[in-house]
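Report on the structure given below.
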Amino acid sequence: MNWETRITKLLNIQYPIIQGGLAYLAYAELAAAVSNAGGLGQITAMSLSSPDELRHEIEKVRALTNKPFGVNFAIGMHGKGYQGMVEVAKEMEVPVVTMTGGNPAPIFEILKDSSCKKLVLVAARRQAQKAEELGADAVMVVGQEGGGHLGRDDVGTMVLVPQVVDSVSIPVIASGGIGDGRGWMAAHALGAEGIEMGTRFIATKECVHASQAYKQALLSSTEADTTVIKRSIGAPARALRNDFTEGILAIERKTPTYEALKDYISGKANKRFIYDGEESQGFGWAGQVTGLISDVPTVAELIERMVVQAEAIRIKWGQ
């Protein structure tokens, strides 16, 4: 079947499926696997320690695939530290740059003479409109079902996506709660022209940096086994529910300040679980789609399965 949308044409990919930024997990192996399977894989820039590390990771991706890929910049908590990284992405002519978690205007300024496509993750209609004004080629819209950092308003993907579709002229990519061909087709029905998946790509063989404990937690969890932390400091984010996140929530109820929380919500605490498997000593991001995850396939197997399921839906409804 023809899967062409404005997103596939914009990004020069076969299927309108984008892998999320995935802090500390989205590196060359996963990014290349997604791109080779027909989607758009991404590297997470701000989980790397220097521009030179990003340069190396881009070179590594290019050794593994000749397909388009992206570099994600999670800018919200990194001050000006991302600028050198963006310069590397520009210099190396990365095909796609995505921006999450902060004001993307300075990145647009750096990339203004670049041919790379610019995508912005948003969680509200006004954010999408602002991204379009800045010159975004597309917006990724994340609802409250998603894993990791979310919008401050508790609006789900089902409501948020059509709102944004109706408010901008650039293509919209749906994110949050999507993990199979059914979610993909639902996103198209809402007016989106592509999807972004994060949590589902963690539970794949090529997500080699994720510990087996983390992957097993995704397999054994239901949609009710996630919780939103950091809401008290204005940065809500969805993670797997465990004793560690319950401790974070207890601190938020008693002392809702960044200073009280910083050691518990740090990258180090995140890595203790997702890298080392120390669930009692850390946390792992996850969306409610964990309730739909029951295996750890290769990326190619996952995307092929999604395509088969989506094609069956299109045939059933005569599309």
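Ordering of the structure tokens sets the chain letters (A, B, ...), residue numbers begin anew at 1 in every chain, and ligands are numbered from 1 in the order given.
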
Nearby residues (only C-alpha atoms) at most 9 Å from stretch 196-212 of chain A, same-chain spacing under 5 positions excluded, as a short mmCIF file (atom, residue, chain, number, x, y, z; two decimals) with all heavy atoms, in the first residue's frame:
data_model
loop_
_atom_site.label_atom_id
_atom_site.label_comp_id
_atom_site.auth_asym_id
_atom_site.auth_seq_id
_atom_site.Cartn_x
_atom_site.Cartn_y
_atom_site.Cartn_z
N PRO A 16 5.46 6.80 7.83
CA PRO A 16 5.47 8.00 8.67
C PRO A 16 5.55 7.65 10.15
O PRO A 16 4.68 7.97 10.95
CB PRO A 16 4.13 8.67 8.32
CG PRO A 16 3.23 7.51 7.99
CD PRO A 16 4.10 6.49 7.31
N ILE A 17 6.64 6.97 10.51
CA ILE A 17 6.86 6.49 11.88
C ILE A 17 8.19 7.06 12.37
O ILE A 17 9.23 6.84 11.75
CB ILE A 17 6.90 4.96 11.94
CG1 ILE A 17 5.57 4.36 11.46
CG2 ILE A 17 7.23 4.48 13.35
CD1 ILE A 17 5.59 2.84 11.31
N ILE A 18 8.16 7.80 13.47
CA ILE A 18 9.34 8.46 14.01
C ILE A 18 9.63 7.89 15.39
O ILE A 18 8.74 7.73 16.22
CB ILE A 18 9.12 9.97 14.08
CG1 ILE A 18 8.90 10.54 12.67
CG2 ILE A 18 10.31 10.68 14.77
CD1 ILE A 18 8.48 11.99 12.66
N GLN A 19 10.89 7.59 15.65
CA GLN A 19 11.33 7.13 16.96
C GLN A 19 11.59 8.33 17.86
O GLN A 19 12.24 9.29 17.45
CB GLN A 19 12.60 6.29 16.80
CG GLN A 19 13.37 6.01 18.08
CD GLN A 19 14.83 6.32 17.90
OE1 GLN A 19 15.45 5.98 16.90
NE2 GLN A 19 15.40 7.04 18.87
N GLY A 20 11.09 8.28 19.07
CA GLY A 20 11.26 9.38 20.00
C GLY A 20 12.70 9.58 20.44
O GLY A 20 13.57 8.71 20.24
N GLY A 21 12.96 10.71 21.08
CA GLY A 21 14.31 11.08 21.48
C GLY A 21 14.94 10.18 22.52
O GLY A 21 16.14 9.94 22.52
N LEU A 22 14.16 9.68 23.48
CA LEU A 22 14.59 8.65 24.44
C LEU A 22 15.94 8.97 25.10
O LEU A 22 16.99 8.44 24.73
CB LEU A 22 14.66 7.28 23.77
CG LEU A 22 13.34 6.73 23.21
CD1 LEU A 22 13.58 5.42 22.48
CD2 LEU A 22 12.32 6.56 24.31
N TYR A 24 19.22 9.03 27.03
CA TYR A 24 20.18 8.00 27.43
C TYR A 24 19.99 6.66 26.71
O TYR A 24 20.69 5.70 27.02
CB TYR A 24 20.16 7.76 28.95
CG TYR A 24 20.39 9.02 29.74
CD1 TYR A 24 19.37 9.57 30.52
CD2 TYR A 24 21.62 9.68 29.71
CE1 TYR A 24 19.58 10.74 31.24
CE2 TYR A 24 21.83 10.85 30.42
CZ TYR A 24 20.80 11.37 31.18
OH TYR A 24 21.01 12.53 31.89
N LEU A 25 19.08 6.59 25.75
CA LEU A 25 18.81 5.32 25.07
C LEU A 25 18.87 5.41 23.56
O LEU A 25 19.14 4.41 22.88
CB LEU A 25 17.42 4.79 25.46
CG LEU A 25 17.21 4.42 26.93
CD1 LEU A 25 15.75 4.07 27.18
CD2 LEU A 25 18.11 3.27 27.34
N ALA A 26 18.59 6.59 23.00
CA ALA A 26 18.49 6.73 21.54
C ALA A 26 19.86 7.02 20.94
O ALA A 26 20.24 8.17 20.77
CB ALA A 26 17.49 7.83 21.18
N TYR A 27 20.55 5.94 20.64
CA TYR A 27 21.87 6.07 20.04
C TYR A 27 21.90 5.37 18.68
O TYR A 27 20.86 4.98 18.17
CB TYR A 27 22.94 5.52 21.00
CG TYR A 27 23.01 6.31 22.28
CD1 TYR A 27 22.81 5.68 23.52
CD2 TYR A 27 23.27 7.67 22.28
CE1 TYR A 27 22.87 6.41 24.70
CE2 TYR A 27 23.33 8.40 23.46
CZ TYR A 27 23.13 7.76 24.67
OH TYR A 27 23.18 8.49 25.84
N GLU A 29 22.67 2.51 17.27
CA GLU A 29 22.11 1.19 16.95
C GLU A 29 20.59 1.25 16.75
O GLU A 29 20.06 0.70 15.79
CB GLU A 29 22.44 0.20 18.08
CG GLU A 29 23.93 -0.04 18.27
CD GLU A 29 24.60 0.96 19.21
OE1 GLU A 29 23.94 1.95 19.63
OE2 GLU A 29 25.78 0.75 19.52
N LEU A 30 19.91 1.92 17.67
CA LEU A 30 18.46 2.03 17.58
C LEU A 30 18.06 2.94 16.42
O LEU A 30 17.16 2.60 15.64
CB LEU A 30 17.88 2.54 18.89
CG LEU A 30 16.35 2.72 18.93
CD1 LEU A 30 15.64 1.41 18.67
CD2 LEU A 30 15.92 3.32 20.26
N ALA A 31 18.71 4.09 16.31
CA ALA A 31 18.36 5.04 15.25
C ALA A 31 18.51 4.41 13.88
O ALA A 31 17.62 4.55 13.02
CB ALA A 31 19.23 6.29 15.36
N ALA A 33 18.48 1.24 13.08
CA ALA A 33 17.51 0.16 12.89
C ALA A 33 16.15 0.70 12.48
O ALA A 33 15.48 0.15 11.58
CB ALA A 33 17.38 -0.67 14.17
N VAL A 34 15.72 1.80 13.10
CA VAL A 34 14.42 2.39 12.75
C VAL A 34 14.47 2.95 11.33
O VAL A 34 13.54 2.74 10.53
CB VAL A 34 14.03 3.49 13.76
CG1 VAL A 34 12.75 4.19 13.31
CG2 VAL A 34 13.84 2.89 15.15
N MET A 140 5.22 17.67 16.40
CA MET A 140 4.87 16.41 17.03
C MET A 140 4.05 16.74 18.26
O MET A 140 4.48 17.52 19.12
CB MET A 140 6.13 15.63 17.40
CG MET A 140 7.06 15.36 16.22
SD MET A 140 8.64 14.62 16.70
CE MET A 140 9.43 16.00 17.53
N VAL A 141 2.86 16.16 18.38
CA VAL A 141 1.91 16.53 19.43
C VAL A 141 1.80 15.38 20.42
O VAL A 141 1.36 14.29 20.06
CB VAL A 141 0.53 16.83 18.82
CG1 VAL A 141 -0.44 17.26 19.90
CG2 VAL A 141 0.64 17.89 17.74
N VAL A 142 2.20 15.61 21.67
CA VAL A 142 2.18 14.53 22.67
C VAL A 142 1.04 14.76 23.66
O VAL A 142 0.90 15.82 24.26
CB VAL A 142 3.52 14.42 23.41
CG1 VAL A 142 3.88 15.69 24.15
CG2 VAL A 142 3.53 13.22 24.35
N GLY A 146 1.56 9.81 27.00
CA GLY A 146 2.96 9.61 26.64
C GLY A 146 3.88 9.39 27.82
O GLY A 146 3.55 9.68 28.98
N GLY A 147 5.08 8.87 27.53
CA GLY A 147 6.09 8.70 28.55
C GLY A 147 7.05 9.88 28.55
O GLY A 147 7.14 10.63 27.58
N GLY A 148 7.79 10.04 29.64
CA GLY A 148 8.70 11.17 29.74
C GLY A 148 7.94 12.47 29.94
O GLY A 148 6.82 12.49 30.45
N ILE A 173 2.26 15.35 13.66
CA ILE A 173 2.65 13.99 14.01
C ILE A 173 2.09 13.70 15.40
O ILE A 173 2.31 14.48 16.32
CB ILE A 173 4.19 13.85 14.01
CG1 ILE A 173 4.74 14.13 12.61
CG2 ILE A 173 4.63 12.47 14.50
CD1 ILE A 173 6.17 14.62 12.61
N ALA A 174 1.39 12.59 15.56
CA ALA A 174 0.76 12.25 16.83
C ALA A 174 1.71 11.42 17.69
O ALA A 174 2.41 10.53 17.21
CB ALA A 174 -0.53 11.48 16.60
N SER A 175 1.71 11.71 19.00
CA SER A 175 2.56 11.00 19.94
C SER A 175 1.82 10.82 21.26
O SER A 175 1.02 11.67 21.64
CB SER A 175 3.86 11.79 20.18
OG SER A 175 4.71 11.14 21.08
N GLY A 176 2.09 9.70 21.92
CA GLY A 176 1.45 9.44 23.20
C GLY A 176 0.41 8.35 23.10
O GLY A 176 -0.64 8.53 22.47
N GLY A 177 0.70 7.18 23.65
CA GLY A 177 -0.26 6.08 23.65
C GLY A 177 -0.27 5.25 22.38
O GLY A 177 -1.17 4.45 22.19
N ILE A 178 0.72 5.41 21.52
CA ILE A 178 0.74 4.70 20.24
C ILE A 178 1.84 3.64 20.27
O ILE A 178 2.99 3.94 20.58
CB ILE A 178 0.99 5.67 19.06
CG1 ILE A 178 -0.10 6.75 19.04
CG2 ILE A 178 1.02 4.91 17.74
CD1 ILE A 178 0.18 7.88 18.07
N GLY A 179 1.45 2.38 19.96
CA GLY A 179 2.43 1.31 20.01
C GLY A 179 2.19 0.20 19.02
O GLY A 179 2.92 -0.78 19.00
N ASP A 180 1.17 0.36 18.17
CA ASP A 180 0.89 -0.67 17.17
C ASP A 180 0.17 -0.05 15.97
O ASP A 180 -0.03 1.17 15.91
CB ASP A 180 0.08 -1.83 17.78
CG ASP A 180 -1.27 -1.39 18.36
OD1 ASP A 180 -1.77 -0.30 17.99
OD2 ASP A 180 -1.82 -2.14 19.17
N ALA A 217 10.28 -4.77 32.98
CA ALA A 217 9.27 -3.95 33.65
C ALA A 217 8.23 -3.44 32.66
O ALA A 217 7.02 -3.39 32.97
CB ALA A 217 9.94 -2.78 34.37
N LEU A 218 8.66 -3.09 31.45
CA LEU A 218 7.71 -2.66 30.43
C LEU A 218 6.79 -3.81 30.03
O LEU A 218 5.58 -3.62 29.81
CB LEU A 218 8.45 -2.15 29.19
CG LEU A 218 9.26 -0.86 29.38
CD1 LEU A 218 10.04 -0.54 28.11
CD2 LEU A 218 8.37 0.31 29.75
N LEU A 219 7.35 -5.03 29.94
CA LEU A 219 6.54 -6.19 29.56
C LEU A 219 5.51 -6.54 30.62
O LEU A 219 4.39 -6.95 30.30
CB LEU A 219 7.45 -7.40 29.33
CG LEU A 219 8.40 -7.35 28.14
CD1 LEU A 219 9.26 -8.60 28.11
CD2 LEU A 219 7.64 -7.23 26.83
N PHE A 273 18.38 2.82 36.98
CA PHE A 273 17.38 1.82 36.59
C PHE A 273 17.55 1.40 35.14
O PHE A 273 17.69 0.21 34.83
CB PHE A 273 15.97 2.36 36.86
CG PHE A 273 14.86 1.40 36.52
CD1 PHE A 273 15.10 0.04 36.33
CD2 PHE A 273 13.55 1.85 36.40
CE1 PHE A 273 14.06 -0.84 36.03
CE2 PHE A 273 12.52 0.98 36.10
CZ PHE A 273 12.78 -0.37 35.91
N ILE A 274 17.57 2.36 34.22
CA ILE A 274 17.51 1.97 32.81
C ILE A 274 18.81 1.33 32.33
O ILE A 274 18.79 0.52 31.40
CB ILE A 274 17.12 3.17 31.91
CG1 ILE A 274 18.22 4.24 31.87
CG2 ILE A 274 15.78 3.75 32.37
CD1 ILE A 274 17.94 5.33 30.85
N TYR A 275 19.96 1.67 32.94
CA TYR A 275 21.23 1.05 32.57
C TYR A 275 21.59 -0.13 33.47
O TYR A 275 21.95 -1.21 32.99
CB TYR A 275 22.38 2.07 32.67
CG TYR A 275 22.50 3.05 31.54
CD1 TYR A 275 21.62 3.05 30.45
CD2 TYR A 275 23.51 4.01 31.55
CE1 TYR A 275 21.75 3.98 29.43
CE2 TYR A 275 23.65 4.93 30.52
CZ TYR A 275 22.76 4.91 29.47
OH TYR A 275 22.90 5.82 28.45
N ASP A 276 21.50 0.09 34.77
CA ASP A 276 22.00 -0.88 35.74
C ASP A 276 20.94 -1.83 36.27
O ASP A 276 21.27 -2.80 36.96
CB ASP A 276 22.66 -0.15 36.91
CG ASP A 276 23.78 0.79 36.46
OD1 ASP A 276 24.45 0.47 35.46
OD2 ASP A 276 23.96 1.84 37.10
N GLY A 277 19.68 -1.55 35.98
CA GLY A 277 18.60 -2.42 36.43
C GLY A 277 18.29 -2.31 37.90
O GLY A 277 17.60 -3.17 38.46
N TRP A 285 11.42 6.12 32.43
CA TRP A 285 10.28 6.74 31.76
C TRP A 285 9.46 5.69 31.02
O TRP A 285 10.00 4.74 30.47
CB TRP A 285 10.75 7.80 30.76
CG TRP A 285 11.58 8.90 31.33
CD1 TRP A 285 12.85 9.24 30.96
CD2 TRP A 285 11.22 9.84 32.35
NE1 TRP A 285 13.30 10.31 31.69
CE2 TRP A 285 12.33 10.70 32.55
CE3 TRP A 285 10.08 10.02 33.13
CZ2 TRP A 285 12.31 11.73 33.49
CZ3 TRP A 285 10.06 11.05 34.06
CH2 TRP A 285 11.16 11.89 34.23
N ALA A 286 8.15 5.90 30.97
CA ALA A 286 7.27 4.99 30.22
C ALA A 286 5.91 5.62 30.08
O ALA A 286 5.40 6.27 31.00
CB ALA A 286 7.13 3.64 30.93
N GLY A 287 5.30 5.42 28.91
CA GLY A 287 3.94 5.88 28.68
C GLY A 287 2.93 4.78 28.99
O GLY A 287 3.29 3.62 29.24
N GLN A 288 1.67 5.14 28.96
CA GLN A 288 0.61 4.17 29.24
C GLN A 288 0.55 3.05 28.21
O GLN A 288 -0.02 2.00 28.48
CB GLN A 288 -0.73 4.88 29.34
CG GLN A 288 -0.85 5.78 30.56
CD GLN A 288 -2.18 6.52 30.62
OE1 GLN A 288 -2.80 6.77 29.59
NE2 GLN A 288 -2.59 6.87 31.81
N VAL A 289 1.21 3.25 27.06
CA VAL A 289 1.25 2.21 26.04
C VAL A 289 1.96 0.97 26.54
O VAL A 289 1.87 -0.10 25.92
CB VAL A 289 1.93 2.75 24.77
CG1 VAL A 289 3.44 2.85 24.95
CG2 VAL A 289 1.60 1.90 23.55
N THR A 290 2.64 1.05 27.69
CA THR A 290 3.27 -0.13 28.25
C THR A 290 2.26 -1.27 28.43
O THR A 290 2.62 -2.45 28.40
CB THR A 290 3.97 0.19 29.59
OG1 THR A 290 4.72 -0.94 30.03
CG2 THR A 290 2.98 0.60 30.66
N LEU A 292 0.29 -2.26 26.31
CA LEU A 292 0.15 -2.95 25.03
C LEU A 292 1.43 -3.69 24.63
O LEU A 292 1.47 -4.30 23.56
CB LEU A 292 -0.22 -1.96 23.92
CG LEU A 292 -1.54 -1.22 24.06
CD1 LEU A 292 -1.70 -0.19 22.94
CD2 LEU A 292 -2.71 -2.20 24.04
N ILE A 293 2.45 -3.63 25.47
CA ILE A 293 3.74 -4.24 25.12
C ILE A 293 3.84 -5.63 25.73
O ILE A 293 3.74 -5.78 26.95
CB ILE A 293 4.90 -3.35 25.61
CG1 ILE A 293 4.86 -1.99 24.91
CG2 ILE A 293 6.24 -4.05 25.35
CD1 ILE A 293 5.89 -1.01 25.42
N SER A 294 4.05 -6.63 24.90
CA SER A 294 4.10 -8.01 25.39
C SER A 294 5.31 -8.78 24.90
O SER A 294 5.46 -9.96 25.21
CB SER A 294 2.82 -8.77 24.99
OG SER A 294 2.69 -8.79 23.57
N ASP A 295 6.19 -8.15 24.11
CA ASP A 295 7.38 -8.84 23.63
C ASP A 295 8.47 -7.84 23.30
O ASP A 295 8.26 -6.63 23.34
CB ASP A 295 7.06 -9.73 22.42
CG ASP A 295 6.60 -8.93 21.20
OD1 ASP A 295 6.36 -7.71 21.33
OD2 ASP A 295 6.49 -9.51 20.10
N VAL A 296 9.65 -8.38 22.97
CA VAL A 296 10.81 -7.56 22.62
C VAL A 296 11.29 -8.01 21.24
O VAL A 296 12.23 -8.80 21.12
CB VAL A 296 11.93 -7.68 23.67
CG1 VAL A 296 13.09 -6.76 23.30
CG2 VAL A 296 11.40 -7.33 25.06
N PRO A 297 10.66 -7.51 20.19
CA PRO A 297 11.05 -7.90 18.83
C PRO A 297 12.22 -7.07 18.33
O PRO A 297 12.68 -6.14 19.01
CB PRO A 297 9.79 -7.57 18.03
CG PRO A 297 9.25 -6.34 18.73
CD PRO A 297 9.55 -6.55 20.20
N THR A 298 12.71 -7.39 17.15
CA THR A 298 13.61 -6.46 16.48
C THR A 298 12.78 -5.28 16.00
O THR A 298 11.55 -5.37 15.86
CB THR A 298 14.31 -7.11 15.28
OG1 THR A 298 13.33 -7.40 14.27
CG2 THR A 298 15.05 -8.38 15.68
N VAL A 299 13.44 -4.18 15.71
CA VAL A 299 12.74 -3.01 15.18
C VAL A 299 12.06 -3.36 13.85
O VAL A 299 10.91 -2.97 13.61
CB VAL A 299 13.72 -1.83 15.00
CG1 VAL A 299 13.10 -0.75 14.13
CG2 VAL A 299 14.12 -1.26 16.36
N LEU A 302 8.92 -5.27 14.51
CA LEU A 302 7.88 -4.40 15.06
C LEU A 302 7.22 -3.58 13.97
O LEU A 302 5.98 -3.52 13.87
CB LEU A 302 8.48 -3.48 16.13
CG LEU A 302 7.55 -2.39 16.67
CD1 LEU A 302 6.33 -2.99 17.35
CD2 LEU A 302 8.32 -1.47 17.62
#

Review point. Skipping near chain neighbours, those fewer than 5 positions away, what residues fall within 7 Å of stretch 67-77 of chain A using only C-alpha atoms, listed as a list in words?
Key: Asn12, Gly21, Ala31, Ser35, Asn36, Leu40, Gly41, Gln42, Ile43, Thr44, Ala45, Met46, Tyr82, Val94, Pro95, Val96, Val97, Thr98, Met99, Thr100, Gly101 and Gly102 of chain A

Check your understanding: Given the choices A:Gln14, A:Thr227, A:Ser280, A:Thr245, which gets closest to A:Ala37 if the distance is worked out from only C-alpha atoms?
Key -> A:Gln14

Review point. What residues in stretch 66-237 of chain A get the DSSP label alpha helix (DSSP H)? Please answer as a ChimeraX atom specification.
Key: /A:83-91,105-110,125-134,157-165,181-189,199-202,212-220

May I have a table of the residues of stretch 149-249 of chain A lying at most 9 Å from stretch 311-316 of chain A, giving each one's closest pair of atoms and their distance in Å to one decimal, counting only C-alpha atoms, ordered by chain and ascending residue number, as a tab-separated table?
residue	atom	partner	partner_atom	distance
A:Gly181	CA	A:Glu311	CA	8.3
A:Arg182	CA	A:Ile313	CA	7.6
A:Met185	CA	A:Ile313	CA	7.5

Dump as an mmCIF file, in the first residue's frame, selection limited to all heavy atoms:
data_model
loop_
_atom_site.group_PDB
_atom_site.id
_atom_site.type_symbol
_atom_site.label_atom_id
_atom_site.label_comp_id
_atom_site.auth_asym_id
_atom_site.auth_seq_id
_atom_site.Cartn_x
_atom_site.Cartn_y
_atom_site.Cartn_z
ATOM 1 N N GLY A 181 -0.228 -0.916 15.030
ATOM 2 C CA GLY A 181 -0.875 -0.427 13.825
ATOM 3 C C GLY A 181 -2.223 0.217 14.079
ATOM 4 O O GLY A 181 -2.655 1.091 13.321
ATOM 5 N N ARG A 182 -2.890 -0.209 15.137
ATOM 6 C CA ARG A 182 -4.189 0.394 15.466
ATOM 7 C C ARG A 182 -4.024 1.846 15.897
ATOM 8 O O ARG A 182 -4.766 2.735 15.460
ATOM 9 C CB ARG A 182 -4.872 -0.429 16.563
ATOM 10 C CG ARG A 182 -5.245 -1.829 16.123
ATOM 11 C CD ARG A 182 -5.707 -2.684 17.279
ATOM 12 N NE ARG A 182 -4.622 -2.906 18.245
ATOM 13 C CZ ARG A 182 -4.743 -3.660 19.328
ATOM 14 N NH1 ARG A 182 -5.907 -4.242 19.603
ATOM 15 N NH2 ARG A 182 -3.722 -3.835 20.144
ATOM 16 N N MET A 185 -3.224 3.990 12.816
ATOM 17 C CA MET A 185 -4.390 4.329 12.010
ATOM 18 C C MET A 185 -5.322 5.301 12.734
ATOM 19 O O MET A 185 -5.931 6.183 12.113
ATOM 20 C CB MET A 185 -5.148 3.057 11.636
ATOM 21 C CG MET A 185 -4.450 2.191 10.599
ATOM 22 S SD MET A 185 -4.241 3.025 8.990
ATOM 23 C CE MET A 185 -2.581 3.712 9.166
#

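Close contacts of A:Ile229, defined as residues with an atom at most 9 Å away when counting only C-alpha atoms, with chain neighbours fewer than 5 positions off set aside, comprise Ala235, Pro236, Ala237, Arg238, Ala239, Thr245, Glu246, Ile248, Leu249, Glu252 and Ile265 of chain A.
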
Exercise for review: Compile the contact shell of stretch 259-264 of chain A as a PyMOL selection string: residues with an atom at most 9 Å away, counting only C-alpha atoms, same-chain residues fewer than 3 positions apart removed.
Suggested key: chain A and resi 230+244-245+247-248+251-252+255-256+267-270+281-283

Please save C-alpha atoms of the selected residues as a compact mmCIF listing (two decimals), in the first residue's frame.
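Output below, filename result.txt:
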# COMPACT_ATOMS: atom_id res chain seq x y z
CA LYS A 230 7.64 16.39 38.83
CA PHE A 244 11.37 4.94 43.94
CA THR A 245 8.76 7.02 42.12
CA GLY A 247 9.22 8.19 47.16
CA ILE A 248 9.46 11.06 44.68
CA ILE A 251 8.70 14.36 48.60
CA GLU A 252 6.52 16.39 46.22
CA THR A 255 8.50 19.67 49.99
CA PRO A 256 7.56 20.53 46.39
CA GLY A 267 19.90 11.67 35.05
CA LYS A 268 21.96 9.57 37.46
CA ALA A 269 18.81 8.26 39.13
CA ASN A 270 17.31 7.54 35.73
CA GLN A 281 17.36 3.02 43.29
CA GLY A 282 16.00 4.76 40.20
CA PHE A 283 13.22 5.31 37.72

Exercise for review: State, in Å with one decimal place, the distance from atom CA of A:Arg6 to atom CA of A:Arg125.
Suggested key: 19.9 Å

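Interatomic distance, atom CA of A:Glu193 to atom CA of A:Gly135: 18.2 Å.
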